[in-house]
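Below is query24.txt, holding compact mmCIF, C-alpha atoms.
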# COMPACT_ATOMS: atom_id res chain seq x y z
CA MET A 1 52.53 -142.46 2.12
CA THR A 2 51.72 -138.87 1.29
CA SER A 3 54.55 -137.54 3.43
CA THR A 4 57.16 -138.85 1.02
CA GLN A 5 55.50 -137.30 -2.00
CA GLN A 6 56.61 -134.09 -3.56
CA ASN A 7 54.34 -131.11 -3.85
CA ILE A 8 55.59 -128.91 -6.65
CA ASP A 9 53.66 -126.35 -8.68
CA LYS A 10 53.72 -127.34 -12.36
CA GLU A 11 55.02 -124.02 -13.63
CA LEU A 12 58.06 -124.28 -11.34
CA ILE A 13 59.21 -127.72 -12.43
CA GLY A 14 61.05 -126.50 -15.53
CA ILE A 15 62.91 -123.86 -13.53
CA LEU A 16 63.95 -126.21 -10.75
CA GLU A 17 65.11 -128.83 -13.21
CA GLN A 18 67.77 -126.43 -14.41
CA VAL A 19 69.41 -126.36 -10.99
CA SER A 20 71.97 -129.10 -10.51
CA ASP A 21 73.94 -130.58 -7.67
CA PRO A 22 77.23 -128.62 -7.61
CA GLU A 23 79.20 -131.81 -6.94
CA ILE A 24 77.41 -133.89 -9.57
CA PRO A 25 76.63 -131.31 -12.26
CA VAL A 26 74.81 -133.78 -14.54
CA LEU A 27 72.17 -134.44 -11.92
CA SER A 28 69.33 -131.97 -11.48
CA ILE A 29 68.14 -131.42 -7.94
CA MET A 30 64.72 -132.59 -9.08
CA ASP A 31 66.08 -135.94 -10.24
CA MET A 32 67.99 -136.21 -7.00
CA GLY A 33 64.79 -135.80 -5.02
CA VAL A 34 66.04 -133.09 -2.69
CA VAL A 35 63.23 -130.67 -3.55
CA ARG A 36 60.27 -131.76 -1.44
CA SER A 37 57.90 -128.92 -2.16
CA ALA A 38 57.73 -125.68 -4.13
CA VAL A 39 54.52 -123.71 -4.06
CA ILE A 40 53.64 -120.13 -4.88
CA ILE A 41 52.02 -118.37 -1.94
CA ASN A 42 51.22 -114.65 -2.36
CA ASP A 43 53.71 -114.32 -5.23
CA VAL A 44 56.54 -115.83 -3.19
CA VAL A 45 57.78 -119.33 -3.90
CA LYS A 46 58.11 -121.41 -0.75
CA VAL A 47 60.66 -124.12 -1.38
CA GLU A 48 61.48 -127.00 0.93
CA ILE A 49 64.69 -128.92 0.34
CA THR A 50 66.08 -131.83 2.31
CA PRO A 51 69.77 -132.76 2.65
CA THR A 52 71.13 -136.03 1.33
CA TYR A 53 73.60 -136.26 4.23
CA SER A 54 73.56 -133.95 7.27
CA GLY A 55 76.97 -132.56 6.51
CA CYS A 56 76.48 -132.22 2.76
CA PRO A 57 78.23 -128.94 1.94
CA ALA A 58 76.29 -128.73 -1.32
CA MET A 59 73.05 -127.82 0.44
CA ASP A 60 73.91 -124.16 1.03
CA VAL A 61 74.95 -123.81 -2.62
CA ILE A 62 71.81 -125.60 -3.81
CA GLY A 63 69.69 -123.21 -1.75
CA ASP A 64 71.44 -120.20 -3.30
CA ASP A 65 71.20 -121.67 -6.81
CA ILE A 66 67.46 -122.27 -6.45
CA LYS A 67 66.96 -118.70 -5.26
CA LYS A 68 68.90 -117.42 -8.25
CA ALA A 69 67.10 -119.61 -10.80
CA LEU A 70 63.73 -118.52 -9.45
CA LYS A 71 64.77 -114.88 -9.40
CA ASP A 72 65.90 -115.12 -13.04
CA ALA A 73 62.42 -116.45 -13.82
CA GLY A 74 60.84 -113.53 -11.98
CA TYR A 75 60.02 -115.15 -8.64
CA GLU A 76 61.00 -114.19 -5.12
CA SER A 77 61.54 -117.21 -2.91
CA ASP A 78 62.03 -118.53 0.61
CA ILE A 79 64.09 -121.68 1.02
CA ASP A 80 63.58 -123.96 4.00
CA LEU A 81 65.73 -126.92 4.92
CA ILE A 82 63.63 -129.76 6.25
CA LEU A 83 64.82 -133.00 7.83
CA HIS A 84 61.69 -135.03 7.93
CA PRO A 85 61.01 -137.35 6.20
CA ALA A 86 64.71 -138.11 5.81
CA TRP A 87 66.06 -138.31 2.27
CA THR A 88 66.57 -141.74 0.77
CA THR A 89 68.29 -142.87 -2.42
CA ASP A 90 64.87 -144.24 -3.48
CA TRP A 91 63.96 -140.66 -4.34
CA ILE A 92 66.53 -140.49 -7.12
CA THR A 93 64.45 -140.74 -10.31
CA PRO A 94 65.19 -143.29 -13.08
CA ARG A 95 66.42 -140.40 -15.20
CA GLY A 96 68.67 -139.35 -12.31
CA ARG A 97 70.09 -142.88 -12.00
CA LYS A 98 70.86 -142.90 -15.71
CA ALA A 99 72.57 -139.49 -15.46
CA LEU A 100 74.72 -140.79 -12.58
CA GLU A 101 75.78 -143.87 -14.54
CA ASP A 102 76.59 -141.83 -17.65
CA TYR A 103 78.68 -139.53 -15.50
CA GLY A 104 80.70 -142.45 -14.13
CA ILE A 105 79.01 -142.94 -10.76
CA ALA A 106 77.36 -146.32 -10.18
CA ALA A 107 73.75 -145.86 -9.03
CA PRO A 108 72.73 -147.28 -5.64
CA LEU A 109 71.65 -150.92 -5.41
CA ASP A 110 68.76 -151.92 -3.16
CA ALA A 111 69.40 -152.05 0.58
CA GLU A 112 70.14 -155.79 0.78
CA ALA A 113 72.54 -155.83 -2.16
CA ASP A 114 74.16 -152.67 -0.87
CA LYS A 115 74.94 -154.39 2.43
CA ASP A 116 76.38 -157.36 0.57
CA VAL A 117 78.79 -155.28 -1.46
CA LEU A 118 79.83 -152.88 1.31
CA LEU A 119 80.12 -155.38 4.14
CA ASN A 120 80.52 -158.82 2.66
CA GLY A 121 82.65 -158.01 -0.35
CA LYS A 122 80.15 -159.33 -2.91
CA ARG A 123 80.76 -158.29 -6.49
CA MET A 124 77.52 -156.77 -7.70
CA VAL A 125 78.19 -153.15 -8.53
CA LYS A 126 78.41 -152.68 -12.27
CA CYS A 127 81.50 -150.93 -13.57
CA THR A 128 80.46 -147.62 -15.12
CA ASN A 129 83.17 -147.99 -17.74
CA CYS A 130 82.81 -151.55 -19.09
CA GLY A 131 79.68 -152.89 -17.39
CA SER A 132 81.43 -155.82 -15.70
CA GLN A 133 80.29 -156.87 -12.25
CA ASN A 134 83.77 -158.04 -11.38
CA THR A 135 84.27 -155.01 -9.17
CA ARG A 136 85.50 -154.61 -5.63
CA LEU A 137 85.18 -152.15 -2.80
CA VAL A 138 88.32 -150.06 -2.36
CA SER A 139 87.04 -147.75 0.38
CA GLN A 140 83.76 -147.54 2.30
CA PHE A 141 84.03 -143.77 2.08
CA GLY A 142 84.62 -141.88 -1.15
CA SER A 143 85.12 -138.38 -2.52
CA THR A 144 81.88 -137.14 -0.94
CA ALA A 145 79.76 -138.35 1.97
CA CYS A 146 77.29 -140.08 -0.35
CA LYS A 147 79.78 -142.26 -2.22
CA ALA A 148 82.11 -145.25 -1.77
CA GLN A 149 85.16 -146.08 -3.89
CA PHE A 150 85.19 -149.10 -6.19
CA GLN A 151 87.50 -150.55 -8.77
CA CYS A 152 86.76 -152.81 -11.72
CA ASP A 153 88.98 -155.90 -11.86
CA ASP A 154 88.34 -156.35 -15.59
CA CYS A 155 89.03 -152.94 -17.09
CA GLN A 156 90.80 -151.64 -13.93
CA GLU A 157 88.76 -148.45 -13.93
CA PRO A 158 88.34 -146.87 -10.46
CA PHE A 159 84.89 -145.36 -9.94
CA ASP A 160 82.46 -144.03 -7.36
CA TYR A 161 79.42 -145.90 -6.13
CA PHE A 162 76.48 -143.92 -4.77
CA LYS A 163 75.70 -145.64 -1.45
CA CYS A 164 72.18 -146.79 -0.75
CA LEU A 165 70.63 -144.69 2.00
CA LYS A 166 67.33 -145.81 3.48
CA MET B 1 61.62 -126.06 30.19
CA LYS B 2 63.14 -123.84 27.48
CA ASP B 3 66.48 -123.72 29.31
CA ASN B 4 66.43 -127.44 29.88
CA LEU B 5 65.81 -128.20 26.23
CA TYR B 6 68.53 -125.76 25.17
CA ASN B 7 71.05 -127.36 27.52
CA TYR B 8 69.94 -130.83 26.54
CA LEU B 9 70.63 -130.02 22.89
CA LEU B 10 74.11 -128.76 23.76
CA GLY B 11 74.84 -131.99 25.58
CA ILE B 12 74.02 -134.06 22.51
CA ALA B 13 75.57 -131.72 19.98
CA ASP B 14 78.85 -131.18 21.85
CA ASN B 15 79.61 -134.90 21.67
CA SER B 16 79.38 -134.76 17.90
CA LEU B 17 81.18 -131.43 17.67
CA ILE B 18 84.22 -132.48 19.67
CA LEU B 19 84.42 -135.94 18.13
CA GLY B 20 84.05 -134.35 14.69
CA GLN B 21 86.91 -131.99 15.47
CA ARG B 22 89.08 -134.90 16.63
CA MET B 23 88.36 -136.86 13.44
CA GLY B 24 88.98 -133.75 11.37
CA GLU B 25 92.49 -133.55 12.82
CA LEU B 26 93.30 -136.59 10.71
CA CYS B 27 92.65 -134.74 7.47
CA GLY B 28 95.83 -135.34 5.51
CA HIS B 29 97.27 -137.44 8.35
CA GLY B 30 95.31 -140.70 8.13
CA PRO B 31 97.39 -143.89 7.98
CA SER B 32 96.21 -144.52 4.41
CA LEU B 33 94.25 -142.55 1.85
CA GLU B 34 91.11 -144.63 2.44
CA THR B 35 91.14 -144.27 6.22
CA ASP B 36 91.98 -140.59 5.89
CA ILE B 37 88.91 -140.05 3.71
CA ALA B 38 86.81 -142.21 6.03
CA CYS B 39 87.74 -140.27 9.16
CA THR B 40 87.10 -136.92 7.52
CA ASN B 41 83.80 -138.14 6.06
CA ILE B 42 82.73 -139.21 9.53
CA SER B 43 83.80 -135.81 10.78
CA LEU B 44 81.71 -134.13 8.10
CA ASP B 45 78.63 -136.18 9.01
CA LEU B 46 79.08 -135.26 12.66
CA PHE B 47 79.46 -131.56 11.91
CA GLY B 48 76.34 -131.71 9.76
CA GLN B 49 74.45 -133.23 12.66
CA VAL B 50 75.83 -130.57 14.98
CA ARG B 51 74.47 -127.86 12.69
CA SER B 52 70.96 -129.31 12.94
CA TYR B 53 71.15 -129.34 16.74
CA PHE B 54 72.68 -125.87 17.06
CA GLN B 55 70.28 -124.31 14.56
CA TYR B 56 67.47 -125.63 16.70
CA ALA B 57 69.20 -124.48 19.90
CA ALA B 58 69.65 -120.99 18.44
CA LYS B 59 65.95 -120.88 17.62
CA ILE B 60 65.06 -121.89 21.17
CA ALA B 61 67.48 -119.39 22.71
CA GLY B 62 65.79 -116.74 20.57
CA ASP B 63 68.22 -114.01 21.60
CA GLY B 64 70.01 -113.44 18.33
CA ARG B 65 72.70 -116.05 18.90
CA THR B 66 73.46 -118.10 15.79
CA GLU B 67 74.54 -121.71 15.40
CA ASP B 68 78.12 -120.45 14.94
CA ASP B 69 78.05 -118.42 18.16
CA ILE B 70 76.94 -121.49 20.05
CA ALA B 71 79.59 -123.67 18.47
CA MET B 72 82.49 -121.24 18.65
CA LEU B 73 81.99 -118.77 21.45
CA ARG B 74 81.51 -120.75 24.61
CA LYS B 75 84.13 -121.29 27.30
CA GLU B 76 85.55 -124.66 28.25
CA ARG B 77 83.22 -125.26 31.20
CA GLU B 78 80.21 -124.56 28.99
CA TYR B 79 80.90 -127.54 26.72
CA LYS B 80 78.96 -130.58 27.87
CA ASN B 81 80.52 -133.38 25.83
CA VAL B 82 81.55 -136.65 27.46
CA LEU B 83 85.23 -137.13 28.24
CA LEU B 84 85.51 -140.02 25.80
CA VAL B 85 85.18 -137.91 22.65
CA GLU B 86 87.88 -135.43 23.61
CA GLN B 87 90.58 -138.07 24.04
CA PRO B 88 93.48 -137.60 21.61
CA ASN B 89 94.43 -139.45 18.43
CA THR B 90 97.36 -141.11 20.19
CA ASN B 91 97.60 -143.60 17.33
CA PHE B 92 95.14 -145.12 14.86
CA ALA B 93 94.01 -147.73 17.40
CA TYR B 94 92.96 -144.94 19.78
CA THR B 95 91.11 -143.16 16.97
CA ILE B 96 89.24 -146.33 16.06
CA GLY B 97 88.71 -147.41 19.68
CA ARG B 98 87.25 -144.03 20.62
CA GLN B 99 85.04 -144.04 17.53
CA PHE B 100 83.82 -147.58 18.18
CA LEU B 101 83.09 -147.02 21.88
CA PHE B 102 81.14 -143.89 20.98
CA ASP B 103 79.38 -145.25 17.87
CA VAL B 104 77.76 -148.16 19.70
CA TYR B 105 76.38 -145.72 22.26
CA HIS B 106 75.46 -143.10 19.65
CA LEU B 107 73.47 -145.57 17.59
CA ALA B 108 71.46 -146.82 20.59
CA PHE B 109 70.93 -143.24 21.75
CA LEU B 110 69.62 -142.03 18.38
CA SER B 111 67.39 -145.03 18.04
CA GLU B 112 65.65 -143.97 21.29
CA LEU B 113 65.75 -140.27 20.43
CA GLN B 114 63.67 -141.01 17.34
CA LYS B 115 60.79 -141.60 19.77
CA SER B 116 61.15 -138.16 21.35
CA LYS B 117 57.97 -136.14 21.79
CA ASP B 118 59.91 -133.20 20.40
CA LEU B 119 59.35 -133.51 16.66
CA THR B 120 62.44 -131.58 15.61
CA LEU B 121 64.64 -133.78 17.77
CA SER B 122 63.05 -136.96 16.50
CA ALA B 123 63.48 -135.79 12.89
CA ILE B 124 67.17 -135.02 13.48
CA ALA B 125 67.64 -138.43 15.12
CA ASN B 126 65.90 -140.12 12.23
CA LYS B 127 68.27 -138.40 9.81
CA CYS B 128 71.46 -138.98 11.81
CA ILE B 129 70.89 -142.63 12.58
CA LYS B 130 71.44 -143.62 8.97
CA GLU B 131 74.82 -141.96 8.95
CA VAL B 132 75.85 -143.21 12.35
CA SER B 133 75.03 -146.83 11.53
CA TYR B 134 77.57 -146.55 8.71
CA HIS B 135 80.15 -145.12 11.13
CA GLU B 136 79.55 -148.00 13.49
CA ARG B 137 80.09 -150.53 10.71
CA PHE B 138 83.37 -148.84 9.84
CA SER B 139 84.71 -148.62 13.38
CA SER B 140 83.67 -152.16 14.42
CA ASP B 141 85.22 -153.48 11.25
CA TRP B 142 88.54 -151.87 12.13
CA VAL B 143 88.47 -152.98 15.78
CA LYS B 144 88.13 -156.53 14.46
CA ARG B 145 90.81 -156.09 11.84
CA LEU B 146 93.34 -154.61 14.26
CA GLY B 147 92.41 -156.88 17.17
CA ASP B 148 92.53 -160.03 15.09
CA GLY B 149 95.51 -158.79 13.10
CA THR B 150 99.22 -158.91 13.79
CA GLU B 151 100.74 -159.08 17.24
CA GLU B 152 101.54 -155.40 17.04
CA SER B 153 98.11 -154.23 15.89
CA LYS B 154 96.47 -156.43 18.53
CA GLY B 155 98.66 -154.98 21.26
CA LYS B 156 97.89 -151.43 20.22
CA MET B 157 94.17 -152.04 19.89
CA GLN B 158 94.06 -153.68 23.32
CA GLU B 159 95.97 -150.82 24.89
CA ALA B 160 93.60 -148.27 23.36
CA ILE B 161 90.50 -150.13 24.56
CA ASN B 162 91.99 -150.53 28.05
CA ASP B 163 92.78 -146.82 28.27
CA LEU B 164 89.50 -145.58 26.82
CA TRP B 165 87.37 -147.97 28.87
CA THR B 166 87.54 -145.67 31.87
CA TYR B 167 85.49 -143.07 29.95
CA THR B 168 82.63 -145.37 28.91
CA ASP B 169 80.56 -145.33 32.08
CA GLU B 170 79.97 -141.59 31.80
CA LEU B 171 77.87 -142.18 28.69
CA PHE B 172 75.16 -143.56 30.97
CA HIS B 173 75.41 -140.90 33.63
CA GLN B 174 72.33 -138.68 33.88
CA THR B 175 72.55 -134.98 34.55
CA LYS B 176 69.70 -132.96 36.08
CA VAL B 177 68.82 -131.70 32.62
CA ASP B 178 68.78 -135.25 31.24
CA LYS B 179 66.40 -136.35 33.99
CA ALA B 180 64.06 -133.42 33.41
CA MET B 181 63.97 -134.14 29.68
CA VAL B 182 63.23 -137.82 30.25
CA ILE B 183 60.25 -136.86 32.42
CA GLU B 184 58.98 -134.59 29.63
CA GLY B 185 59.20 -137.47 27.17
CA ILE B 186 61.73 -135.51 25.13
CA GLY B 187 65.01 -136.98 26.30
CA VAL B 188 66.48 -140.47 26.30
CA ASP B 189 66.92 -142.38 29.54
CA VAL B 190 70.56 -143.31 29.01
CA THR B 191 70.69 -145.50 32.10
CA LYS B 192 68.55 -147.98 30.21
CA LEU B 193 71.08 -148.26 27.39
CA LYS B 194 73.94 -149.36 29.60
CA GLU B 195 73.41 -153.08 29.81
CA SER B 196 72.97 -153.69 26.12
CA TYR B 197 75.88 -151.34 25.38
CA TYR B 198 78.36 -153.37 27.41
CA ARG B 199 76.93 -156.57 25.98
CA GLN B 200 77.34 -155.40 22.38
CA VAL B 201 80.79 -153.97 22.95
CA SER B 202 81.93 -157.14 24.73
CA GLU B 203 80.67 -159.37 21.94
CA LEU B 204 82.54 -157.38 19.35
CA LEU B 205 85.73 -157.32 21.43
CA GLU B 206 85.52 -161.08 21.78
CA GLU B 207 85.09 -161.43 18.06
CA ALA B 208 88.16 -159.23 17.67
CA THR B 209 90.02 -161.67 20.00
CA LEU B 210 90.56 -158.85 22.48
CA GLN B 211 90.24 -158.92 26.27
CA ILE B 212 87.30 -157.13 27.85
CA PRO B 213 88.78 -154.70 30.37
CA GLU B 214 87.95 -155.56 33.96
CA SER B 215 88.62 -152.16 35.46
CA LYS B 216 85.71 -150.79 37.43
CA TYR B 217 87.24 -147.38 37.91
CA PHE B 218 85.53 -144.81 35.72
CA GLN B 219 86.09 -141.12 35.00
CA LYS B 220 83.28 -138.68 34.56
CA GLY B 221 82.65 -134.94 34.57
CA GLY B 222 82.41 -133.83 30.94
CA LYS B 223 78.63 -133.70 31.01
CA GLU B 224 78.90 -131.21 33.88
CA GLY B 225 81.57 -129.19 32.09
CA ILE B 226 84.53 -130.60 34.02
CA HIS B 227 86.89 -131.80 31.31
CA THR B 228 90.24 -133.47 30.85
CA GLU B 229 93.14 -131.20 29.91
CA HIS B 230 92.63 -132.06 26.24
CA LEU B 231 89.50 -130.01 25.69
CA GLY B 232 91.24 -126.65 26.14
CA TYR B 233 93.64 -127.47 23.32
CA ILE B 234 90.82 -128.63 21.05
CA LEU B 235 88.91 -125.41 21.65
CA ALA B 236 92.00 -123.30 21.08
CA GLU B 237 92.18 -124.73 17.57
CA LEU B 238 88.44 -124.92 16.94
CA GLN B 239 87.79 -121.35 18.03
CA TYR B 240 90.94 -119.71 16.73
CA MET B 241 89.43 -118.01 13.67
CA GLN B 242 86.40 -116.65 15.52
CA ARG B 243 88.53 -115.38 18.39
CA ALA B 244 91.19 -113.84 16.16
CA TYR B 245 88.76 -112.37 13.61
CA PRO B 246 85.44 -111.95 15.44
CA ASN B 247 82.34 -112.44 13.26
CA MET B 248 84.32 -113.58 10.24
CA GLU B 249 82.40 -115.62 7.67
CA TRP B 250 83.38 -117.83 4.78
This entry written out as structure tokens:
Amino acid sequence: MTSTQQNIDKELIGILEQVSDPEIPVLSIMDMGVVRSAVIINDVVKVEITPTYSGCPAMDVIGDDIKKALKDAGYESDIDLILHPAWTTDWITPRGRKALEDYGIAAPLDAEADKDVLLNGKRMVKCTNCGSQNTRLVSQFGSTACKAQFQCDDCQEPFDYFKCLK
Amino acid sequence: MKDNLYNYLLGIADNSLILGQRMGELCGHGPSLETDIACTNISLDLFGQVRSYFQYAAKIAGDGRTEDDIAMLRKEREYKNVLLVEQPNTNFAYTIGRQFLFDVYHLAFLSELQKSKDLTLSAIANKCIKEVSYHERFSSDWVKRLGDGTEESKGKMQEAINDLWTYTDELFHQTKVDKAMVIEGIGVDVTKLKESYYRQVSELLEEATLQIPESKYFQKGGKEGIHTEHLGYILAELQYMQRAYPNMEW
């Protein structure tokens, strides 16, 4: 499916990778998959970003941060928010997943497993502190729209789980 | 056509706006930390959806009005939300009951809206449906937990469902604008959602060991701008900042 692919000019990749999600500073917006296209047209960079969740308050900040990063690199830019195709956690890169885990946020499981842990109380989410799968759902909603709250029953660490969104 | 689409968008968006405001009232007042966070997260999702609709509506209006003007600067009669979503947070059972009765409808509605000939609307629906299906899981879960819980929680849940039932039929009432949009292939024919709605809701209520209300007396009017007394109070709070400090921004 070409519609789910990104279209980003090579020379812009390095600049965009420096912009991070304000709520998860270890994760670049590129690894998160929210930048869908960035192309230079008549010396102006046209950037398309897509929100993770409709109400994600980080999107306005991300837009401003991209503008600033591009400006610092000598580019003027136009930022557009697009809704289609809708963002999915599948677009988080392997590097992004690793960054999430290192930061203490469990990366999303696949859709089936996600259902099992969020609805049926299965213990499959790996604790970001000790790696045990003896973890349980504390709250379906967490500190931001994209996360749920978990706790490890081995090391007792509470942690966030990034919900699967498909 | 332009006016119809604009008004159609308001009808959809106002449901989310007013329900989002109601859920937001629980910020810091939820019965537990988890439910508090849940209600406000749901509120945030709904407000996000509202922004997509109003941004589109502002573009269609094309007269300089912004999404904020549309959200904040209309009068009571100009809000087209259904009566159900403006009902108060009498207690947690009412909050959950209202959410559940709306979520089941909302999910079916968005699923049809994804097929809209209007590509912006179908994209918004496609985005929102993922969030709303999570809301529906949350609210059905709680209806079951309270219904099949203690004698007290069951009593309260039943009372809430009985009281809110009277506002459910309006969800399937078609306005002139709705009909025009259905003919254009843009809008959803809500009359077709009714049967499966009541079937789904009834199944869940049974699972929650609750009685399905038998009342056949239904209230309507919100879609035409005729509201219950609650909406005025909601707007007073919602619009306060913009009315007191016109054009203020964050």
List the residues sitting within 12 Å of (62.4, -141.2, -3.9) in the file's frame, using all atoms listed in the file, as a compact mmCIF listing (two decimals) with C-alpha atoms, in the coordinates of the input.
# COMPACT_ATOMS: atom_id res chain seq x y z
CA MET A 1 52.53 -142.46 2.12
CA SER A 3 54.55 -137.54 3.43
CA THR A 4 57.16 -138.85 1.02
CA GLN A 5 55.50 -137.30 -2.00
CA GLN A 6 56.61 -134.09 -3.56
CA MET A 30 64.72 -132.59 -9.08
CA ASP A 31 66.08 -135.94 -10.24
CA MET A 32 67.99 -136.21 -7.00
CA GLY A 33 64.79 -135.80 -5.02
CA VAL A 34 66.04 -133.09 -2.69
CA VAL A 35 63.23 -130.67 -3.55
CA ARG A 36 60.27 -131.76 -1.44
CA THR A 50 66.08 -131.83 2.31
CA THR A 52 71.13 -136.03 1.33
CA PRO A 85 61.01 -137.35 6.20
CA ALA A 86 64.71 -138.11 5.81
CA TRP A 87 66.06 -138.31 2.27
CA THR A 88 66.57 -141.74 0.77
CA THR A 89 68.29 -142.87 -2.42
CA ASP A 90 64.87 -144.24 -3.48
CA TRP A 91 63.96 -140.66 -4.34
CA ILE A 92 66.53 -140.49 -7.12
CA THR A 93 64.45 -140.74 -10.31
CA PRO A 94 65.19 -143.29 -13.08
CA GLY A 96 68.67 -139.35 -12.31
CA ARG A 97 70.09 -142.88 -12.00
CA CYS A 164 72.18 -146.79 -0.75
CA LEU A 165 70.63 -144.69 2.00
CA LYS A 166 67.33 -145.81 3.48
Leaving out B:Gln174 and any residue of its chain fewer than 2 positions from it, which residues lie within 12 Å of it when counting all atoms listed in the file, given as a PDB file with C-alpha atoms, in the frame of the given file?
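Contents of out_19.pdb, as written:
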ATOM      1  CA  TYR B   8      69.940-130.830  26.540  1.00  0.00           C
ATOM      2  CA  GLY B  11      74.840-131.990  25.580  1.00  0.00           C
ATOM      3  CA  VAL B  82      81.550-136.650  27.460  1.00  0.00           C
ATOM      4  CA  ASP B 169      80.560-145.330  32.080  1.00  0.00           C
ATOM      5  CA  GLU B 170      79.970-141.590  31.800  1.00  0.00           C
ATOM      6  CA  LEU B 171      77.870-142.180  28.690  1.00  0.00           C
ATOM      7  CA  PHE B 172      75.160-143.560  30.970  1.00  0.00           C
ATOM      8  CA  LYS B 176      69.700-132.960  36.080  1.00  0.00           C
ATOM      9  CA  VAL B 177      68.820-131.700  32.620  1.00  0.00           C
ATOM     10  CA  ASP B 178      68.780-135.250  31.240  1.00  0.00           C
ATOM     11  CA  LYS B 179      66.400-136.350  33.990  1.00  0.00           C
ATOM     12  CA  ALA B 180      64.060-133.420  33.410  1.00  0.00           C
ATOM     13  CA  MET B 181      63.970-134.140  29.680  1.00  0.00           C
ATOM     14  CA  VAL B 182      63.230-137.820  30.250  1.00  0.00           C
ATOM     15  CA  GLY B 187      65.010-136.980  26.300  1.00  0.00           C
ATOM     16  CA  VAL B 188      66.480-140.470  26.300  1.00  0.00           C
ATOM     17  CA  ASP B 189      66.920-142.380  29.540  1.00  0.00           C
ATOM     18  CA  VAL B 190      70.560-143.310  29.010  1.00  0.00           C
ATOM     19  CA  THR B 191      70.690-145.500  32.100  1.00  0.00           C
ATOM     20  CA  LYS B 192      68.550-147.980  30.210  1.00  0.00           C
ATOM     21  CA  LEU B 193      71.080-148.260  27.390  1.00  0.00           C
ATOM     22  CA  LYS B 194      73.940-149.360  29.600  1.00  0.00           C
ATOM     23  CA  LYS B 220      83.280-138.680  34.560  1.00  0.00           C
ATOM     24  CA  GLY B 221      82.650-134.940  34.570  1.00  0.00           C
ATOM     25  CA  GLY B 222      82.410-133.830  30.940  1.00  0.00           C
ATOM     26  CA  LYS B 223      78.630-133.700  31.010  1.00  0.00           C
ATOM     27  CA  GLU B 224      78.900-131.210  33.880  1.00  0.00           C
TER      28      GLU B 224
END
Legend entry - For atom CA of B:Tyr233 and atom CA of B:Pro246, the interatomic separation in Å (one decimal):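 Going from atom CA of B:Tyr233 over to atom CA of B:Pro246 covers 19.2 Å.
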Inset, instruction - Do me a favour and pick out the residues of chain B within 10 Å of chain A, using all atoms listed in the file, as a PyMOL selection string. - result: chain B and resi 33-52+119-128+130-131+134-135+137-138+141
Inset, instruction - Could you jot down the atom CA of A:Lys67 to atom CA of A:Val45 separation for me, Å, one decimal place? - result: 9.3 Å
Legend entry - Counting all atoms listed in the file, the option among B:Glu214, B:Glu195, B:Asp69, B:Glu112 closest to B:Ile161: B:Glu214
Inset, instruction - May I have the residues within 12 Å of A:Ile66 as a PyMOL selection string, using only C-alpha atoms and disregarding those fewer than 3 positions away in the same chain? - result: chain A and resi 12-22+28-30+34-35+38+45-49+59-63+69-73+75-80
Inset, instruction - Please measure the separation of atom CA of B:Ser202 and atom CA of B:Leu101, giving the value in Å to one decimal. - result: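 Interatomic distance, atom CA of B:Ser202 to atom CA of B:Leu101: 10.6 Å.
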Legend entry - Best match for closeness to B:Gln87 among B:Gln55, B:Ser116, B:Asn15, B:Thr175, counting all atoms listed in the file: B:Asn15
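With only C-alpha atoms as the atoms that count, the minimum distance from B:Ala108 to the choices B:Tyr217, B:Tyr6, B:Trp142, B:Tyr197 is reached by B:Tyr197.
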